[in-house]
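A.B. asks: Sending over run-v3.txt (compact mmCIF, N, CA and C atoms).
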```txt
# COMPACT_ATOMS: atom_id res chain seq x y z
N MET A 1 0.84 -1.16 0.00
CA MET A 1 0.00 0.00 0.00
C MET A 1 0.89 1.24 0.00
N LEU A 2 0.55 2.18 -0.82
CA LEU A 2 1.35 3.40 -0.92
C LEU A 2 0.93 4.39 0.16
N ARG A 3 1.88 4.99 0.78
CA ARG A 3 1.59 6.01 1.77
C ARG A 3 1.70 7.38 1.12
N ARG A 4 0.83 8.27 1.53
CA ARG A 4 0.91 9.63 1.04
C ARG A 4 0.94 10.58 2.22
N LYS A 5 1.38 11.76 2.01
CA LYS A 5 1.44 12.74 3.07
C LYS A 5 0.02 13.19 3.42
N PRO A 6 -0.22 13.51 4.67
CA PRO A 6 -1.55 13.98 5.06
C PRO A 6 -1.94 15.26 4.32
N THR A 7 -3.23 15.33 3.98
CA THR A 7 -3.73 16.52 3.30
C THR A 7 -3.88 17.64 4.31
N ARG A 8 -3.46 18.80 3.92
CA ARG A 8 -3.55 19.95 4.81
C ARG A 8 -4.89 20.65 4.61
N LEU A 9 -5.61 20.85 5.67
CA LEU A 9 -6.89 21.56 5.63
C LEU A 9 -6.71 22.93 6.24
N GLU A 10 -7.19 23.91 5.52
CA GLU A 10 -7.07 25.28 6.00
C GLU A 10 -8.46 25.83 6.29
N LEU A 11 -8.60 26.48 7.40
CA LEU A 11 -9.85 27.10 7.79
C LEU A 11 -9.85 28.54 7.29
N LYS A 12 -10.83 28.87 6.46
CA LYS A 12 -10.89 30.20 5.85
C LYS A 12 -11.96 31.02 6.54
N LEU A 13 -11.90 32.31 6.34
CA LEU A 13 -12.86 33.23 6.94
C LEU A 13 -14.29 32.93 6.47
N ASP A 14 -14.45 32.56 5.22
CA ASP A 14 -15.77 32.21 4.69
C ASP A 14 -16.35 31.00 5.42
N ASP A 15 -15.50 30.04 5.72
CA ASP A 15 -15.96 28.85 6.43
C ASP A 15 -16.45 29.21 7.83
N ILE A 16 -15.73 30.08 8.50
CA ILE A 16 -16.11 30.50 9.85
C ILE A 16 -17.44 31.24 9.81
N GLU A 17 -17.61 32.14 8.85
CA GLU A 17 -18.86 32.90 8.73
C GLU A 17 -20.04 31.97 8.43
N GLU A 18 -19.82 31.00 7.56
CA GLU A 18 -20.88 30.05 7.24
C GLU A 18 -21.26 29.24 8.47
N PHE A 19 -20.27 28.79 9.23
CA PHE A 19 -20.53 28.04 10.46
C PHE A 19 -21.33 28.87 11.44
N GLU A 20 -20.94 30.12 11.63
CA GLU A 20 -21.66 30.99 12.57
C GLU A 20 -23.10 31.22 12.14
N SER A 21 -23.33 31.43 10.84
CA SER A 21 -24.71 31.66 10.37
C SER A 21 -25.57 30.41 10.57
N ILE A 22 -25.01 29.24 10.29
CA ILE A 22 -25.77 28.00 10.48
C ILE A 22 -26.05 27.78 11.95
N ARG A 23 -25.07 28.05 12.80
CA ARG A 23 -25.26 27.86 14.24
C ARG A 23 -26.35 28.79 14.77
N LYS A 24 -26.35 30.05 14.33
CA LYS A 24 -27.38 30.99 14.78
C LYS A 24 -28.76 30.55 14.30
N ASP A 25 -28.83 30.05 13.08
CA ASP A 25 -30.09 29.57 12.54
C ASP A 25 -30.62 28.40 13.36
N LEU A 26 -29.74 27.46 13.68
CA LEU A 26 -30.16 26.31 14.50
C LEU A 26 -30.59 26.74 15.90
N GLU A 27 -29.88 27.69 16.48
CA GLU A 27 -30.26 28.18 17.81
C GLU A 27 -31.62 28.87 17.78
N SER A 28 -31.90 29.63 16.72
CA SER A 28 -33.20 30.30 16.64
C SER A 28 -34.32 29.28 16.46
N ARG A 29 -34.07 28.24 15.67
CA ARG A 29 -35.08 27.18 15.51
C ARG A 29 -35.33 26.47 16.83
N LYS A 30 -34.27 26.21 17.56
CA LYS A 30 -34.40 25.54 18.86
C LYS A 30 -35.22 26.39 19.82
N LYS A 31 -34.96 27.70 19.81
CA LYS A 31 -35.70 28.60 20.69
C LYS A 31 -37.18 28.65 20.31
N GLN A 32 -37.47 28.68 19.00
CA GLN A 32 -38.86 28.68 18.55
C GLN A 32 -39.56 27.39 18.97
N ARG A 33 -38.86 26.26 18.85
CA ARG A 33 -39.44 24.98 19.24
C ARG A 33 -39.73 24.95 20.73
N GLU A 34 -38.79 25.48 21.53
CA GLU A 34 -39.00 25.52 22.98
C GLU A 34 -40.18 26.42 23.34
N ASP A 35 -40.31 27.57 22.65
CA ASP A 35 -41.45 28.46 22.89
C ASP A 35 -42.76 27.77 22.55
N ALA A 36 -42.77 27.01 21.45
CA ALA A 36 -43.97 26.28 21.06
C ALA A 36 -44.32 25.21 22.09
N GLU A 37 -43.30 24.54 22.63
CA GLU A 37 -43.54 23.52 23.65
C GLU A 37 -44.10 24.15 24.92
N VAL A 38 -43.62 25.33 25.29
CA VAL A 38 -44.12 26.02 26.47
C VAL A 38 -45.58 26.40 26.26
N ALA A 39 -45.91 26.88 25.06
CA ALA A 39 -47.30 27.23 24.76
C ALA A 39 -48.20 26.00 24.79
N ALA A 40 -47.70 24.89 24.25
CA ALA A 40 -48.48 23.64 24.25
C ALA A 40 -48.67 23.14 25.67
N ALA A 41 -47.65 23.29 26.50
CA ALA A 41 -47.77 22.87 27.90
C ALA A 41 -48.83 23.70 28.62
N GLY A 42 -48.91 24.98 28.27
CA GLY A 42 -49.92 25.84 28.87
C GLY A 42 -51.32 25.41 28.46
N GLU A 43 -51.48 25.02 27.19
CA GLU A 43 -52.78 24.54 26.73
C GLU A 43 -53.15 23.22 27.41
N GLU A 44 -52.17 22.35 27.58
CA GLU A 44 -52.43 21.08 28.26
C GLU A 44 -52.83 21.32 29.72
N ALA A 45 -52.20 22.30 30.35
CA ALA A 45 -52.54 22.62 31.73
C ALA A 45 -53.97 23.15 31.81
N ALA A 46 -54.36 23.94 30.82
CA ALA A 46 -55.72 24.45 30.79
C ALA A 46 -56.71 23.31 30.57
N ALA A 47 -56.36 22.37 29.71
CA ALA A 47 -57.23 21.22 29.48
C ALA A 47 -57.33 20.37 30.74
N ALA A 48 -56.21 20.20 31.44
CA ALA A 48 -56.22 19.43 32.68
C ALA A 48 -57.08 20.12 33.73
N ALA A 49 -57.04 21.43 33.77
CA ALA A 49 -57.86 22.17 34.72
C ALA A 49 -59.34 22.01 34.39
N ALA A 50 -59.67 22.00 33.09
CA ALA A 50 -61.06 21.81 32.69
C ALA A 50 -61.54 20.41 33.09
N ILE A 51 -60.66 19.43 32.95
CA ILE A 51 -61.02 18.07 33.35
C ILE A 51 -61.21 18.00 34.86
N ALA A 52 -60.32 18.67 35.58
CA ALA A 52 -60.41 18.66 37.04
C ALA A 52 -61.67 19.37 37.52
N LEU A 53 -62.13 20.37 36.77
CA LEU A 53 -63.34 21.09 37.16
C LEU A 53 -64.61 20.31 36.85
N GLY A 54 -64.48 19.21 36.12
CA GLY A 54 -65.65 18.38 35.84
C GLY A 54 -66.30 18.69 34.52
N ALA A 55 -65.64 19.43 33.63
CA ALA A 55 -66.22 19.75 32.34
C ALA A 55 -66.34 18.50 31.47
N ASP A 56 -65.47 17.55 31.68
CA ASP A 56 -65.47 16.34 30.88
C ASP A 56 -65.27 15.16 31.83
N HIS A 57 -66.22 14.25 31.88
CA HIS A 57 -66.15 13.13 32.81
C HIS A 57 -65.64 11.89 32.09
N LYS A 58 -64.34 11.82 31.88
CA LYS A 58 -63.73 10.64 31.28
C LYS A 58 -62.87 9.95 32.32
N SER A 59 -62.73 8.67 32.14
CA SER A 59 -61.86 7.95 33.06
C SER A 59 -60.41 8.26 32.73
N ARG A 60 -59.55 7.95 33.66
CA ARG A 60 -58.12 8.21 33.46
C ARG A 60 -57.61 7.44 32.24
N GLU A 61 -58.11 6.21 32.08
CA GLU A 61 -57.70 5.38 30.95
C GLU A 61 -58.14 6.01 29.63
N GLN A 62 -59.35 6.55 29.56
CA GLN A 62 -59.83 7.19 28.35
C GLN A 62 -59.02 8.44 28.02
N ILE A 63 -58.65 9.20 29.04
CA ILE A 63 -57.85 10.41 28.83
C ILE A 63 -56.49 10.04 28.24
N ILE A 64 -55.87 9.02 28.80
CA ILE A 64 -54.57 8.58 28.29
C ILE A 64 -54.70 8.06 26.87
N ASN A 65 -55.74 7.26 26.60
CA ASN A 65 -55.95 6.74 25.25
C ASN A 65 -56.15 7.87 24.25
N ASP A 66 -56.89 8.90 24.62
CA ASP A 66 -57.08 10.05 23.73
C ASP A 66 -55.76 10.78 23.49
N ARG A 67 -54.98 10.92 24.54
CA ARG A 67 -53.72 11.66 24.42
C ARG A 67 -52.74 10.95 23.49
N ILE A 68 -52.65 9.63 23.57
CA ILE A 68 -51.69 8.91 22.74
C ILE A 68 -52.29 8.45 21.42
N GLY A 69 -53.58 8.68 21.21
CA GLY A 69 -54.21 8.33 19.94
C GLY A 69 -54.59 6.87 19.82
N TYR A 70 -54.75 6.18 20.93
CA TYR A 70 -55.12 4.77 20.92
C TYR A 70 -56.63 4.64 20.96
N LYS A 71 -57.16 3.91 20.00
CA LYS A 71 -58.60 3.67 19.96
C LYS A 71 -58.83 2.17 20.08
N PRO A 72 -59.14 1.70 21.29
CA PRO A 72 -59.30 0.26 21.49
C PRO A 72 -60.49 -0.30 20.71
N GLN A 73 -60.28 -1.44 20.10
CA GLN A 73 -61.34 -2.11 19.37
C GLN A 73 -61.89 -3.22 20.26
N PRO A 74 -63.20 -3.42 20.26
CA PRO A 74 -63.76 -4.51 21.08
C PRO A 74 -63.27 -5.86 20.57
N LYS A 75 -62.96 -6.74 21.50
CA LYS A 75 -62.46 -8.07 21.14
C LYS A 75 -63.63 -8.99 20.82
N ALA A 76 -63.45 -9.77 19.77
CA ALA A 76 -64.47 -10.75 19.41
C ALA A 76 -64.34 -11.93 20.36
N GLY A 77 -65.43 -12.36 20.92
CA GLY A 77 -65.39 -13.45 21.88
C GLY A 77 -65.53 -14.79 21.21
N GLY A 78 -65.25 -15.81 21.94
CA GLY A 78 -65.46 -17.16 21.43
C GLY A 78 -64.21 -17.79 20.87
N ARG A 79 -64.38 -19.04 20.49
CA ARG A 79 -63.27 -19.83 20.00
C ARG A 79 -62.81 -19.38 18.61
N ALA A 80 -63.70 -18.92 17.78
CA ALA A 80 -63.36 -18.52 16.41
C ALA A 80 -62.38 -17.36 16.40
N ALA A 81 -62.42 -16.54 17.43
CA ALA A 81 -61.51 -15.41 17.49
C ALA A 81 -60.07 -15.86 17.62
N HIS A 82 -59.84 -17.00 18.26
CA HIS A 82 -58.49 -17.48 18.46
C HIS A 82 -57.98 -18.31 17.29
N PHE A 83 -58.87 -19.02 16.62
CA PHE A 83 -58.43 -19.95 15.59
C PHE A 83 -58.90 -19.57 14.20
N GLY A 84 -59.39 -18.36 14.01
CA GLY A 84 -59.86 -17.96 12.69
C GLY A 84 -61.12 -18.72 12.29
N THR A 85 -61.12 -19.26 11.09
CA THR A 85 -62.31 -19.95 10.59
C THR A 85 -62.22 -21.47 10.74
N PHE A 86 -61.19 -21.94 11.41
CA PHE A 86 -61.05 -23.39 11.58
C PHE A 86 -62.13 -23.90 12.53
N GLU A 87 -62.67 -25.04 12.20
CA GLU A 87 -63.68 -25.68 13.04
C GLU A 87 -63.12 -26.99 13.55
N PHE A 88 -63.31 -27.29 14.83
CA PHE A 88 -62.83 -28.53 15.42
C PHE A 88 -63.97 -29.42 15.81
```
The structure in this file should be written as structure tokens.
C.D. replies:
Amino acid sequence: MLRRKPTRLELKLDDIEEFESIRKDLESRKKQREDAEVAAAGEEAAAAAAIALGADHKSREQIINDRIGYKPQPKAGGRAAHFGTFEF
């Protein structure tokens, strides 16, 4: 295998300016996202207060299912539910 000398990398002023602009852009996006999360947390607190006041009488399980988007389907009873259409 042939060895070669290491490539020299030089940091230029344009590279530094580009890095700074990208970093500022990412920081501003992060701040906007945090502000949006704070606003969403405030809305959730208001919803929790409405639930606590009795505006909506759901069980704890129903509230959690609504929050995570889970919609339970009723289970079919009987032997056919376990074995499909097979008959014994």
A.B. asks: Can you tell me how far atom N of Glu44 in chain A sits from atom C of Asn65 in chain A, in Å to one decimal?
C.D. replies: 15.4 Å
A.B. asks: Figure out the distance between atom C of Glu43 in chain A and CA of Ile63 in chain A, please, to one decimal in Å.
C.D. replies: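 Atom-to-atom, CA of Ile63 in chain A and atom C of Glu43 in chain A are spaced 13.7 Å apart.
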A.B. asks: What does the structure give for the distance between CA of Leu11 in chain A and CA of Lys31 in chain A, in Å to one decimal?
C.D. replies: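 If I compute the distance from CA of Leu11 in chain A to CA of Lys31 in chain A, I get 28.9 Å.
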